[in-house]
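Data from model.cif: mmCIF, N, CA, C and O atoms
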data_entry
loop_
_atom_site.group_PDB
_atom_site.id
_atom_site.type_symbol
_atom_site.label_atom_id
_atom_site.label_comp_id
_atom_site.auth_asym_id
_atom_site.auth_seq_id
_atom_site.Cartn_x
_atom_site.Cartn_y
_atom_site.Cartn_z
ATOM 1 N N MET A 1 49.757 -1.549 57.050
ATOM 2 C CA MET A 1 49.272 -2.904 57.163
ATOM 3 C C MET A 1 48.617 -3.048 58.534
ATOM 4 O O MET A 1 49.200 -2.690 59.543
ATOM 5 N N ASP A 2 47.398 -3.591 58.551
ATOM 6 C CA ASP A 2 46.705 -3.715 59.825
ATOM 7 C C ASP A 2 47.288 -4.862 60.657
ATOM 8 O O ASP A 2 48.073 -5.671 60.176
ATOM 9 N N ALA A 3 46.885 -4.923 61.916
ATOM 10 C CA ALA A 3 47.451 -5.898 62.853
ATOM 11 C C ALA A 3 47.173 -7.337 62.428
ATOM 12 O O ALA A 3 48.044 -8.208 62.570
ATOM 13 N N LYS A 4 45.995 -7.591 61.901
ATOM 14 C CA LYS A 4 45.636 -8.950 61.484
ATOM 15 C C LYS A 4 46.542 -9.405 60.331
ATOM 16 O O LYS A 4 47.021 -10.539 60.310
ATOM 17 N N MET A 5 46.762 -8.526 59.372
ATOM 18 C CA MET A 5 47.612 -8.860 58.238
ATOM 19 C C MET A 5 49.066 -9.010 58.688
ATOM 20 O O MET A 5 49.777 -9.900 58.233
ATOM 21 N N GLN A 6 49.507 -8.152 59.578
ATOM 22 C CA GLN A 6 50.860 -8.237 60.121
ATOM 23 C C GLN A 6 51.067 -9.589 60.799
ATOM 24 O O GLN A 6 52.107 -10.216 60.642
ATOM 25 N N GLU A 7 50.062 -10.039 61.531
ATOM 26 C CA GLU A 7 50.129 -11.333 62.210
ATOM 27 C C GLU A 7 50.228 -12.478 61.200
ATOM 28 O O GLU A 7 51.008 -13.414 61.386
ATOM 29 N N LYS A 8 49.463 -12.394 60.107
ATOM 30 C CA LYS A 8 49.500 -13.433 59.073
ATOM 31 C C LYS A 8 50.875 -13.478 58.410
ATOM 32 O O LYS A 8 51.438 -14.550 58.219
ATOM 33 N N VAL A 9 51.419 -12.318 58.063
ATOM 34 C CA VAL A 9 52.740 -12.256 57.442
ATOM 35 C C VAL A 9 53.788 -12.820 58.393
ATOM 36 O O VAL A 9 54.641 -13.615 57.994
ATOM 37 N N SER A 10 53.712 -12.443 59.645
ATOM 38 C CA SER A 10 54.659 -12.932 60.639
ATOM 39 C C SER A 10 54.576 -14.452 60.770
ATOM 40 O O SER A 10 55.594 -15.138 60.848
ATOM 41 N N SER A 11 53.377 -14.992 60.750
ATOM 42 C CA SER A 11 53.172 -16.434 60.831
ATOM 43 C C SER A 11 53.787 -17.147 59.623
ATOM 44 O O SER A 11 54.446 -18.183 59.770
ATOM 45 N N ILE A 12 53.596 -16.586 58.443
ATOM 46 C CA ILE A 12 54.150 -17.170 57.220
ATOM 47 C C ILE A 12 55.672 -17.186 57.286
ATOM 48 O O ILE A 12 56.309 -18.200 57.000
ATOM 49 N N VAL A 13 56.253 -16.070 57.676
ATOM 50 C CA VAL A 13 57.712 -15.967 57.751
ATOM 51 C C VAL A 13 58.265 -16.944 58.782
ATOM 52 O O VAL A 13 59.258 -17.635 58.527
ATOM 53 N N LYS A 14 57.616 -17.061 59.942
ATOM 54 C CA LYS A 14 58.083 -17.988 60.976
ATOM 55 C C LYS A 14 58.050 -19.424 60.467
ATOM 56 O O LYS A 14 58.980 -20.193 60.718
ATOM 57 N N LYS A 15 56.991 -19.786 59.762
ATOM 58 C CA LYS A 15 56.891 -21.142 59.221
ATOM 59 C C LYS A 15 58.009 -21.413 58.225
ATOM 60 O O LYS A 15 58.618 -22.480 58.236
ATOM 61 N N ILE A 16 58.270 -20.450 57.363
ATOM 62 C CA ILE A 16 59.325 -20.616 56.360
ATOM 63 C C ILE A 16 60.693 -20.705 57.036
ATOM 64 O O ILE A 16 61.497 -21.575 56.711
ATOM 65 N N GLN A 17 60.953 -19.837 57.987
ATOM 66 C CA GLN A 17 62.258 -19.805 58.641
ATOM 67 C C GLN A 17 62.504 -21.012 59.539
ATOM 68 O O GLN A 17 63.642 -21.419 59.727
ATOM 69 N N SER A 18 61.452 -21.598 60.084
ATOM 70 C CA SER A 18 61.625 -22.705 61.030
ATOM 71 C C SER A 18 61.741 -24.072 60.352
ATOM 72 O O SER A 18 62.078 -25.050 61.003
ATOM 73 N N ASP A 19 61.465 -24.140 59.068
ATOM 74 C CA ASP A 19 61.509 -25.412 58.343
ATOM 75 C C ASP A 19 62.586 -25.329 57.260
ATOM 76 O O ASP A 19 62.379 -24.662 56.242
ATOM 77 N N PRO A 20 63.726 -25.984 57.461
ATOM 78 C CA PRO A 20 64.827 -25.893 56.485
ATOM 79 C C PRO A 20 64.417 -26.284 55.065
ATOM 80 O O PRO A 20 64.852 -25.650 54.098
ATOM 81 N N LYS A 21 63.577 -27.271 54.925
ATOM 82 C CA LYS A 21 63.115 -27.698 53.601
ATOM 83 C C LYS A 21 62.273 -26.597 52.948
ATOM 84 O O LYS A 21 62.437 -26.285 51.770
ATOM 85 N N LEU A 22 61.395 -26.000 53.727
ATOM 86 C CA LEU A 22 60.551 -24.915 53.220
ATOM 87 C C LEU A 22 61.381 -23.669 52.927
ATOM 88 O O LEU A 22 61.130 -22.975 51.935
ATOM 89 N N LEU A 23 62.379 -23.407 53.740
ATOM 90 C CA LEU A 23 63.260 -22.261 53.500
ATOM 91 C C LEU A 23 64.005 -22.434 52.182
ATOM 92 O O LEU A 23 64.108 -21.494 51.388
ATOM 93 N N LYS A 24 64.488 -23.641 51.926
ATOM 94 C CA LYS A 24 65.172 -23.927 50.665
ATOM 95 C C LYS A 24 64.209 -23.737 49.485
ATOM 96 O O LYS A 24 64.570 -23.163 48.453
ATOM 97 N N GLU A 25 62.966 -24.200 49.664
ATOM 98 C CA GLU A 25 61.959 -24.018 48.612
ATOM 99 C C GLU A 25 61.684 -22.533 48.382
ATOM 100 O O GLU A 25 61.539 -22.095 47.244
ATOM 101 N N PHE A 26 61.621 -21.758 49.461
ATOM 102 C CA PHE A 26 61.394 -20.319 49.344
ATOM 103 C C PHE A 26 62.521 -19.654 48.567
ATOM 104 O O PHE A 26 62.288 -18.762 47.757
ATOM 105 N N GLU A 27 63.738 -20.113 48.801
ATOM 106 C CA GLU A 27 64.891 -19.531 48.106
ATOM 107 C C GLU A 27 64.896 -19.879 46.620
ATOM 108 O O GLU A 27 65.357 -19.094 45.803
ATOM 109 N N THR A 28 64.384 -21.059 46.263
ATOM 110 C CA THR A 28 64.400 -21.478 44.857
ATOM 111 C C THR A 28 63.096 -21.182 44.132
ATOM 112 O O THR A 28 63.102 -20.927 42.931
ATOM 113 N N SER A 29 61.982 -21.215 44.850
ATOM 114 C CA SER A 29 60.674 -20.982 44.240
ATOM 115 C C SER A 29 59.773 -20.238 45.229
ATOM 116 O O SER A 29 58.855 -20.815 45.824
ATOM 117 N N PRO A 30 60.039 -18.947 45.415
ATOM 118 C CA PRO A 30 59.315 -18.166 46.427
ATOM 119 C C PRO A 30 57.790 -18.188 46.275
ATOM 120 O O PRO A 30 57.076 -18.326 47.266
ATOM 121 N N ALA A 31 57.292 -18.076 45.063
ATOM 122 C CA ALA A 31 55.841 -18.033 44.868
ATOM 123 C C ALA A 31 55.184 -19.325 45.329
ATOM 124 O O ALA A 31 54.153 -19.296 46.014
ATOM 125 N N LYS A 32 55.767 -20.450 44.982
ATOM 126 C CA LYS A 32 55.201 -21.744 45.384
ATOM 127 C C LYS A 32 55.252 -21.913 46.900
ATOM 128 O O LYS A 32 54.318 -22.421 47.505
ATOM 129 N N ALA A 33 56.339 -21.495 47.512
ATOM 130 C CA ALA A 33 56.465 -21.602 48.967
ATOM 131 C C ALA A 33 55.423 -20.734 49.666
ATOM 132 O O ALA A 33 54.789 -21.169 50.625
ATOM 133 N N ILE A 34 55.237 -19.521 49.176
ATOM 134 C CA ILE A 34 54.240 -18.622 49.770
ATOM 135 C C ILE A 34 52.845 -19.205 49.581
ATOM 136 O O ILE A 34 52.030 -19.184 50.509
ATOM 137 N N GLU A 35 52.561 -19.731 48.404
ATOM 138 C CA GLU A 35 51.256 -20.363 48.164
ATOM 139 C C GLU A 35 51.007 -21.482 49.172
ATOM 140 O O GLU A 35 49.918 -21.587 49.737
ATOM 141 N N LYS A 36 52.011 -22.310 49.373
ATOM 142 C CA LYS A 36 51.874 -23.462 50.264
ATOM 143 C C LYS A 36 51.621 -23.023 51.707
ATOM 144 O O LYS A 36 50.700 -23.503 52.360
ATOM 145 N N VAL A 37 52.435 -22.120 52.192
ATOM 146 C CA VAL A 37 52.349 -21.710 53.592
ATOM 147 C C VAL A 37 51.124 -20.846 53.857
ATOM 148 O O VAL A 37 50.457 -21.000 54.873
ATOM 149 N N ALA A 38 50.810 -19.934 52.945
ATOM 150 C CA ALA A 38 49.691 -19.008 53.149
ATOM 151 C C ALA A 38 48.354 -19.604 52.723
ATOM 152 O O ALA A 38 47.317 -19.008 52.961
ATOM 153 N N ASP A 39 48.410 -20.772 52.084
ATOM 154 C CA ASP A 39 47.210 -21.434 51.589
ATOM 155 C C ASP A 39 46.414 -20.502 50.663
ATOM 156 O O ASP A 39 45.225 -20.259 50.854
ATOM 157 N N ILE A 40 47.159 -19.951 49.689
ATOM 158 C CA ILE A 40 46.544 -19.082 48.684
ATOM 159 C C ILE A 40 46.945 -19.593 47.303
ATOM 160 O O ILE A 40 47.849 -20.401 47.177
ATOM 161 N N ASP A 41 46.256 -19.105 46.286
ATOM 162 C CA ASP A 41 46.592 -19.461 44.911
ATOM 163 C C ASP A 41 47.031 -18.205 44.180
ATOM 164 O O ASP A 41 46.235 -17.286 43.969
ATOM 165 N N ILE A 42 48.300 -18.170 43.835
ATOM 166 C CA ILE A 42 48.829 -17.045 43.072
ATOM 167 C C ILE A 42 48.581 -17.352 41.603
ATOM 168 O O ILE A 42 48.953 -18.425 41.129
ATOM 169 N N PRO A 43 47.938 -16.449 40.880
ATOM 170 C CA PRO A 43 47.683 -16.703 39.452
ATOM 171 C C PRO A 43 48.981 -17.002 38.700
ATOM 172 O O PRO A 43 50.017 -16.371 38.949
ATOM 173 N N ASP A 44 48.909 -17.975 37.804
ATOM 174 C CA ASP A 44 50.087 -18.422 37.061
ATOM 175 C C ASP A 44 50.811 -17.278 36.354
ATOM 176 O O ASP A 44 52.037 -17.261 36.296
ATOM 177 N N PHE A 45 50.054 -16.317 35.818
ATOM 178 C CA PHE A 45 50.700 -15.229 35.076
ATOM 179 C C PHE A 45 51.494 -14.296 35.988
ATOM 180 O O PHE A 45 52.381 -13.578 35.528
ATOM 181 N N LEU A 46 51.232 -14.313 37.293
ATOM 182 C CA LEU A 46 51.969 -13.463 38.229
ATOM 183 C C LEU A 46 53.204 -14.146 38.815
ATOM 184 O O LEU A 46 54.122 -13.477 39.285
ATOM 185 N N GLU A 47 53.219 -15.466 38.772
ATOM 186 C CA GLU A 47 54.317 -16.201 39.410
ATOM 187 C C GLU A 47 55.702 -15.792 38.911
ATOM 188 O O GLU A 47 56.610 -15.593 39.723
ATOM 189 N N PRO A 48 55.920 -15.657 37.589
ATOM 190 C CA PRO A 48 57.266 -15.262 37.143
ATOM 191 C C PRO A 48 57.710 -13.904 37.692
ATOM 192 O O PRO A 48 58.880 -13.718 38.044
ATOM 193 N N GLN A 49 56.775 -12.969 37.807
ATOM 194 C CA GLN A 49 57.121 -11.651 38.335
ATOM 195 C C GLN A 49 57.460 -11.747 39.822
ATOM 196 O O GLN A 49 58.408 -11.119 40.294
ATOM 197 N N ILE A 50 56.686 -12.531 40.543
ATOM 198 C CA ILE A 50 56.939 -12.718 41.974
ATOM 199 C C ILE A 50 58.282 -13.402 42.180
ATOM 200 O O ILE A 50 59.069 -13.006 43.039
ATOM 201 N N GLU A 51 58.534 -14.431 41.386
ATOM 202 C CA GLU A 51 59.803 -15.147 41.473
ATOM 203 C C GLU A 51 60.977 -14.191 41.270
ATOM 204 O O GLU A 51 61.945 -14.212 42.027
ATOM 205 N N LYS A 52 60.883 -13.345 40.257
ATOM 206 C CA LYS A 52 61.969 -12.417 39.937
ATOM 207 C C LYS A 52 62.210 -11.435 41.089
ATOM 208 O O LYS A 52 63.345 -11.261 41.544
ATOM 209 N N VAL A 53 61.149 -10.807 41.557
ATOM 210 C CA VAL A 53 61.273 -9.817 42.630
ATOM 211 C C VAL A 53 61.801 -10.468 43.904
ATOM 212 O O VAL A 53 62.711 -9.950 44.557
ATOM 213 N N ALA A 54 61.247 -11.614 44.269
ATOM 214 C CA ALA A 54 61.656 -12.284 45.502
ATOM 215 C C ALA A 54 63.103 -12.773 45.422
ATOM 216 O O ALA A 54 63.864 -12.602 46.379
ATOM 217 N N LYS A 55 63.489 -13.367 44.300
ATOM 218 C CA LYS A 55 64.857 -13.867 44.174
ATOM 219 C C LYS A 55 65.875 -12.728 44.208
ATOM 220 O O LYS A 55 66.953 -12.869 44.795
ATOM 221 N N GLU A 56 65.548 -11.600 43.605
ATOM 222 C CA GLU A 56 66.437 -10.440 43.666
ATOM 223 C C GLU A 56 66.571 -9.949 45.105
ATOM 224 O O GLU A 56 67.663 -9.607 45.548
ATOM 225 N N ALA A 57 65.460 -9.928 45.827
ATOM 226 C CA ALA A 57 65.486 -9.482 47.222
ATOM 227 C C ALA A 57 66.279 -10.457 48.087
ATOM 228 O O ALA A 57 67.063 -10.036 48.950
ATOM 229 N N ILE A 58 66.093 -11.760 47.857
ATOM 230 C CA ILE A 58 66.844 -12.769 48.610
ATOM 231 C C ILE A 58 68.337 -12.596 48.363
ATOM 232 O O ILE A 58 69.141 -12.647 49.292
ATOM 233 N N ALA A 59 68.707 -12.388 47.100
ATOM 234 C CA ALA A 59 70.122 -12.216 46.747
ATOM 235 C C ALA A 59 70.732 -10.992 47.423
ATOM 236 O O ALA A 59 71.920 -10.973 47.740
ATOM 237 N N LYS A 60 69.923 -9.973 47.670
ATOM 238 C CA LYS A 60 70.398 -8.752 48.319
ATOM 239 C C LYS A 60 70.385 -8.875 49.839
ATOM 240 O O LYS A 60 70.799 -7.952 50.535
ATOM 241 N N GLY A 61 69.839 -9.984 50.354
ATOM 242 C CA GLY A 61 69.789 -10.180 51.799
ATOM 243 C C GLY A 61 68.643 -9.463 52.477
ATOM 244 O O GLY A 61 68.698 -9.189 53.678
ATOM 245 N N VAL A 62 67.597 -9.178 51.727
ATOM 246 C CA VAL A 62 66.429 -8.496 52.290
ATOM 247 C C VAL A 62 65.752 -9.418 53.303
ATOM 248 O O VAL A 62 65.685 -10.638 53.119
ATOM 249 N N ASP A 63 65.248 -8.857 54.367
ATOM 250 C CA ASP A 63 64.539 -9.603 55.400
ATOM 251 C C ASP A 63 63.340 -10.333 54.781
ATOM 252 O O ASP A 63 62.548 -9.717 54.066
ATOM 253 N N PRO A 64 63.212 -11.646 55.035
ATOM 254 C CA PRO A 64 62.079 -12.399 54.473
ATOM 255 C C PRO A 64 60.721 -11.784 54.798
ATOM 256 O O PRO A 64 59.780 -11.866 54.016
ATOM 257 N N MET A 65 60.616 -11.141 55.958
ATOM 258 C CA MET A 65 59.362 -10.486 56.342
ATOM 259 C C MET A 65 58.995 -9.425 55.313
ATOM 260 O O MET A 65 57.844 -9.321 54.901
ATOM 261 N N ASP A 66 59.970 -8.670 54.872
ATOM 262 C CA ASP A 66 59.717 -7.617 53.887
ATOM 263 C C ASP A 66 59.340 -8.207 52.532
ATOM 264 O O ASP A 66 58.512 -7.643 51.812
ATOM 265 N N ILE A 67 59.956 -9.329 52.191
ATOM 266 C CA ILE A 67 59.634 -9.973 50.918
ATOM 267 C C ILE A 67 58.188 -10.452 50.915
ATOM 268 O O ILE A 67 57.433 -10.195 49.987
ATOM 269 N N VAL A 68 57.796 -11.144 51.981
ATOM 270 C CA VAL A 68 56.436 -11.690 52.059
ATOM 271 C C VAL A 68 55.415 -10.559 52.105
ATOM 272 O O VAL A 68 54.353 -10.640 51.495
ATOM 273 N N LYS A 69 55.722 -9.469 52.812
ATOM 274 C CA LYS A 69 54.803 -8.330 52.910
ATOM 275 C C LYS A 69 54.430 -7.785 51.531
ATOM 276 O O LYS A 69 53.316 -7.317 51.330
ATOM 277 N N LYS A 70 55.368 -7.856 50.589
ATOM 278 C CA LYS A 70 55.106 -7.327 49.249
ATOM 279 C C LYS A 70 53.979 -8.094 48.560
ATOM 280 O O LYS A 70 53.286 -7.541 47.719
ATOM 281 N N PHE A 71 53.835 -9.362 48.892
ATOM 282 C CA PHE A 71 52.905 -10.212 48.151
ATOM 283 C C PHE A 71 51.631 -10.552 48.910
ATOM 284 O O PHE A 71 50.683 -11.020 48.316
ATOM 285 N N ILE A 72 51.614 -10.346 50.201
ATOM 286 C CA ILE A 72 50.437 -10.661 51.016
ATOM 287 C C ILE A 72 49.805 -9.359 51.456
ATOM 288 O O ILE A 72 50.325 -8.669 52.301
ATOM 289 N N LYS A 73 48.696 -9.032 50.844
ATOM 290 C CA LYS A 73 47.980 -7.797 51.214
ATOM 291 C C LYS A 73 46.506 -8.048 51.233
ATOM 292 O O LYS A 73 45.980 -8.846 50.603
#
If you took the structure in this file and wrote it as structure tokens, what would it be?
Amino acid sequence: MDAKMQEKVSSIVKKIQSDPKLLKEFETSPAKAIEKVADIDIPDFLEPQIEKVAKEAIAKGVDPMDIVKKFIK
């Protein structure tokens, strides 16, 4: 991942972690939270897959940075 992308991912994670309401949204609806913070549109057909992968990672205690990196490229 290049430096510019790393910076964007880091910014997204910081925003999510610093806002309790957004963090709660990320835990319940990761795709929507990422869309909101990153100002991107995730295609509807991909959202269920993203939700599944992210929720499994959250349940395992995976670092949010690693979760976001999977979806922001």
Please evaluate the PyMOL selection byres ((chain A and resi 48-55) around 8) against the displayed coordinates and give the resulting residues as an mmCIF file with N, CA, C and O atoms, in the frame of the given file.
data_model
loop_
_atom_site.group_PDB
_atom_site.id
_atom_site.type_symbol
_atom_site.label_atom_id
_atom_site.label_comp_id
_atom_site.auth_asym_id
_atom_site.auth_seq_id
_atom_site.Cartn_x
_atom_site.Cartn_y
_atom_site.Cartn_z
ATOM 1 N N PHE A 26 61.621 -21.758 49.461
ATOM 2 C CA PHE A 26 61.394 -20.319 49.344
ATOM 3 C C PHE A 26 62.521 -19.654 48.567
ATOM 4 O O PHE A 26 62.288 -18.762 47.757
ATOM 5 N N GLU A 27 63.738 -20.113 48.801
ATOM 6 C CA GLU A 27 64.891 -19.531 48.106
ATOM 7 C C GLU A 27 64.896 -19.879 46.620
ATOM 8 O O GLU A 27 65.357 -19.094 45.803
ATOM 9 N N THR A 28 64.384 -21.059 46.263
ATOM 10 C CA THR A 28 64.400 -21.478 44.857
ATOM 11 C C THR A 28 63.096 -21.182 44.132
ATOM 12 O O THR A 28 63.102 -20.927 42.931
ATOM 13 N N SER A 29 61.982 -21.215 44.850
ATOM 14 C CA SER A 29 60.674 -20.982 44.240
ATOM 15 C C SER A 29 59.773 -20.238 45.229
ATOM 16 O O SER A 29 58.855 -20.815 45.824
ATOM 17 N N PRO A 30 60.039 -18.947 45.415
ATOM 18 C CA PRO A 30 59.315 -18.166 46.427
ATOM 19 C C PRO A 30 57.790 -18.188 46.275
ATOM 20 O O PRO A 30 57.076 -18.326 47.266
ATOM 21 N N ALA A 31 57.292 -18.076 45.063
ATOM 22 C CA ALA A 31 55.841 -18.033 44.868
ATOM 23 C C ALA A 31 55.184 -19.325 45.329
ATOM 24 O O ALA A 31 54.153 -19.296 46.014
ATOM 25 N N LYS A 32 55.767 -20.450 44.982
ATOM 26 C CA LYS A 32 55.201 -21.744 45.384
ATOM 27 C C LYS A 32 55.252 -21.913 46.900
ATOM 28 O O LYS A 32 54.318 -22.421 47.505
ATOM 29 N N PRO A 43 47.938 -16.449 40.880
ATOM 30 C CA PRO A 43 47.683 -16.703 39.452
ATOM 31 C C PRO A 43 48.981 -17.002 38.700
ATOM 32 O O PRO A 43 50.017 -16.371 38.949
ATOM 33 N N ASP A 44 48.909 -17.975 37.804
ATOM 34 C CA ASP A 44 50.087 -18.422 37.061
ATOM 35 C C ASP A 44 50.811 -17.278 36.354
ATOM 36 O O ASP A 44 52.037 -17.261 36.296
ATOM 37 N N PHE A 45 50.054 -16.317 35.818
ATOM 38 C CA PHE A 45 50.700 -15.229 35.076
ATOM 39 C C PHE A 45 51.494 -14.296 35.988
ATOM 40 O O PHE A 45 52.381 -13.578 35.528
ATOM 41 N N LEU A 46 51.232 -14.313 37.293
ATOM 42 C CA LEU A 46 51.969 -13.463 38.229
ATOM 43 C C LEU A 46 53.204 -14.146 38.815
ATOM 44 O O LEU A 46 54.122 -13.477 39.285
ATOM 45 N N GLU A 47 53.219 -15.466 38.772
ATOM 46 C CA GLU A 47 54.317 -16.201 39.410
ATOM 47 C C GLU A 47 55.702 -15.792 38.911
ATOM 48 O O GLU A 47 56.610 -15.593 39.723
ATOM 49 N N GLU A 56 65.548 -11.600 43.605
ATOM 50 C CA GLU A 56 66.437 -10.440 43.666
ATOM 51 C C GLU A 56 66.571 -9.949 45.105
ATOM 52 O O GLU A 56 67.663 -9.607 45.548
ATOM 53 N N ALA A 57 65.460 -9.928 45.827
ATOM 54 C CA ALA A 57 65.486 -9.482 47.222
ATOM 55 C C ALA A 57 66.279 -10.457 48.087
ATOM 56 O O ALA A 57 67.063 -10.036 48.950
ATOM 57 N N ILE A 58 66.093 -11.760 47.857
ATOM 58 C CA ILE A 58 66.844 -12.769 48.610
ATOM 59 C C ILE A 58 68.337 -12.596 48.363
ATOM 60 O O ILE A 58 69.141 -12.647 49.292
ATOM 61 N N ALA A 59 68.707 -12.388 47.100
ATOM 62 C CA ALA A 59 70.122 -12.216 46.747
ATOM 63 C C ALA A 59 70.732 -10.992 47.423
ATOM 64 O O ALA A 59 71.920 -10.973 47.740
ATOM 65 N N LYS A 60 69.923 -9.973 47.670
ATOM 66 C CA LYS A 60 70.398 -8.752 48.319
ATOM 67 C C LYS A 60 70.385 -8.875 49.839
ATOM 68 O O LYS A 60 70.799 -7.952 50.535
ATOM 69 N N GLY A 61 69.839 -9.984 50.354
ATOM 70 C CA GLY A 61 69.789 -10.180 51.799
ATOM 71 C C GLY A 61 68.643 -9.463 52.477
ATOM 72 O O GLY A 61 68.698 -9.189 53.678
ATOM 73 N N VAL A 62 67.597 -9.178 51.727
ATOM 74 C CA VAL A 62 66.429 -8.496 52.290
ATOM 75 C C VAL A 62 65.752 -9.418 53.303
ATOM 76 O O VAL A 62 65.685 -10.638 53.119
ATOM 77 N N ILE A 67 59.956 -9.329 52.191
ATOM 78 C CA ILE A 67 59.634 -9.973 50.918
ATOM 79 C C ILE A 67 58.188 -10.452 50.915
ATOM 80 O O ILE A 67 57.433 -10.195 49.987
ATOM 81 N N VAL A 68 57.796 -11.144 51.981
ATOM 82 C CA VAL A 68 56.436 -11.690 52.059
ATOM 83 C C VAL A 68 55.415 -10.559 52.105
ATOM 84 O O VAL A 68 54.353 -10.640 51.495
ATOM 85 N N PHE A 71 53.835 -9.362 48.892
ATOM 86 C CA PHE A 71 52.905 -10.212 48.151
ATOM 87 C C PHE A 71 51.631 -10.552 48.910
ATOM 88 O O PHE A 71 50.683 -11.020 48.316
#
So what does the PyMOL selection byres ((chain A and resi 9-16) around 7) actually pick up in this one, as a VMD selection string? chain A and resid 3 to 8 17 to 24 37 to 38 64 to 65 68 to 69 72
Using DSSP on the backbone, list every residue of chain A that comes out as alpha helix (DSSP H), and give them as a PyMOL selection string. chain A and resi 3-18+20-28+30-38+47-60+64-71
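We find atom N of Lys70 in chain A and CA of Ile34 in chain A to be spaced 10.9 Å apart.
A straight line drawn from CA of Ala33 in chain A to atom O of Asp2 in chain A is 21.2 Å long.
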Using the incomplete input, complete range 53-59 of chain A to the level of all heavy atoms; output as a compact mmCIF listing (two decimals), in the frame of the given file.
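Output saved as part_4.txt:
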# COMPACT_ATOMS: atom_id res chain seq x y z
N VAL A 53 61.15 -10.81 41.56
CA VAL A 53 61.27 -9.82 42.63
C VAL A 53 61.80 -10.47 43.90
O VAL A 53 62.71 -9.95 44.56
CB VAL A 53 59.91 -9.13 42.89
CG1 VAL A 53 59.96 -8.28 44.14
CG2 VAL A 53 59.50 -8.29 41.69
N ALA A 54 61.25 -11.61 44.27
CA ALA A 54 61.66 -12.28 45.50
C ALA A 54 63.10 -12.77 45.42
O ALA A 54 63.86 -12.60 46.38
CB ALA A 54 60.72 -13.44 45.80
N LYS A 55 63.49 -13.37 44.30
CA LYS A 55 64.86 -13.87 44.17
C LYS A 55 65.88 -12.73 44.21
O LYS A 55 66.95 -12.87 44.80
CB LYS A 55 65.01 -14.70 42.91
CG LYS A 55 64.37 -16.07 43.04
CD LYS A 55 64.52 -16.88 41.78
CE LYS A 55 63.86 -18.24 41.93
NZ LYS A 55 64.00 -19.06 40.73
N GLU A 56 65.55 -11.60 43.60
CA GLU A 56 66.44 -10.44 43.67
C GLU A 56 66.57 -9.95 45.10
O GLU A 56 67.66 -9.61 45.55
CB GLU A 56 65.92 -9.32 42.77
CG GLU A 56 66.10 -9.58 41.29
CD GLU A 56 65.45 -8.53 40.40
OE1 GLU A 56 64.82 -7.58 40.91
OE2 GLU A 56 65.56 -8.67 39.16
N ALA A 57 65.46 -9.93 45.83
CA ALA A 57 65.49 -9.48 47.22
C ALA A 57 66.28 -10.46 48.09
O ALA A 57 67.06 -10.04 48.95
CB ALA A 57 64.06 -9.33 47.74
N ILE A 58 66.09 -11.76 47.86
CA ILE A 58 66.84 -12.77 48.61
C ILE A 58 68.34 -12.60 48.36
O ILE A 58 69.14 -12.65 49.29
CB ILE A 58 66.37 -14.19 48.23
CG1 ILE A 58 64.94 -14.44 48.76
CG2 ILE A 58 67.34 -15.25 48.76
CD1 ILE A 58 64.27 -15.67 48.19
N ALA A 59 68.71 -12.39 47.10
CA ALA A 59 70.12 -12.22 46.75
C ALA A 59 70.73 -10.99 47.42
O ALA A 59 71.92 -10.97 47.74
CB ALA A 59 70.28 -12.11 45.23
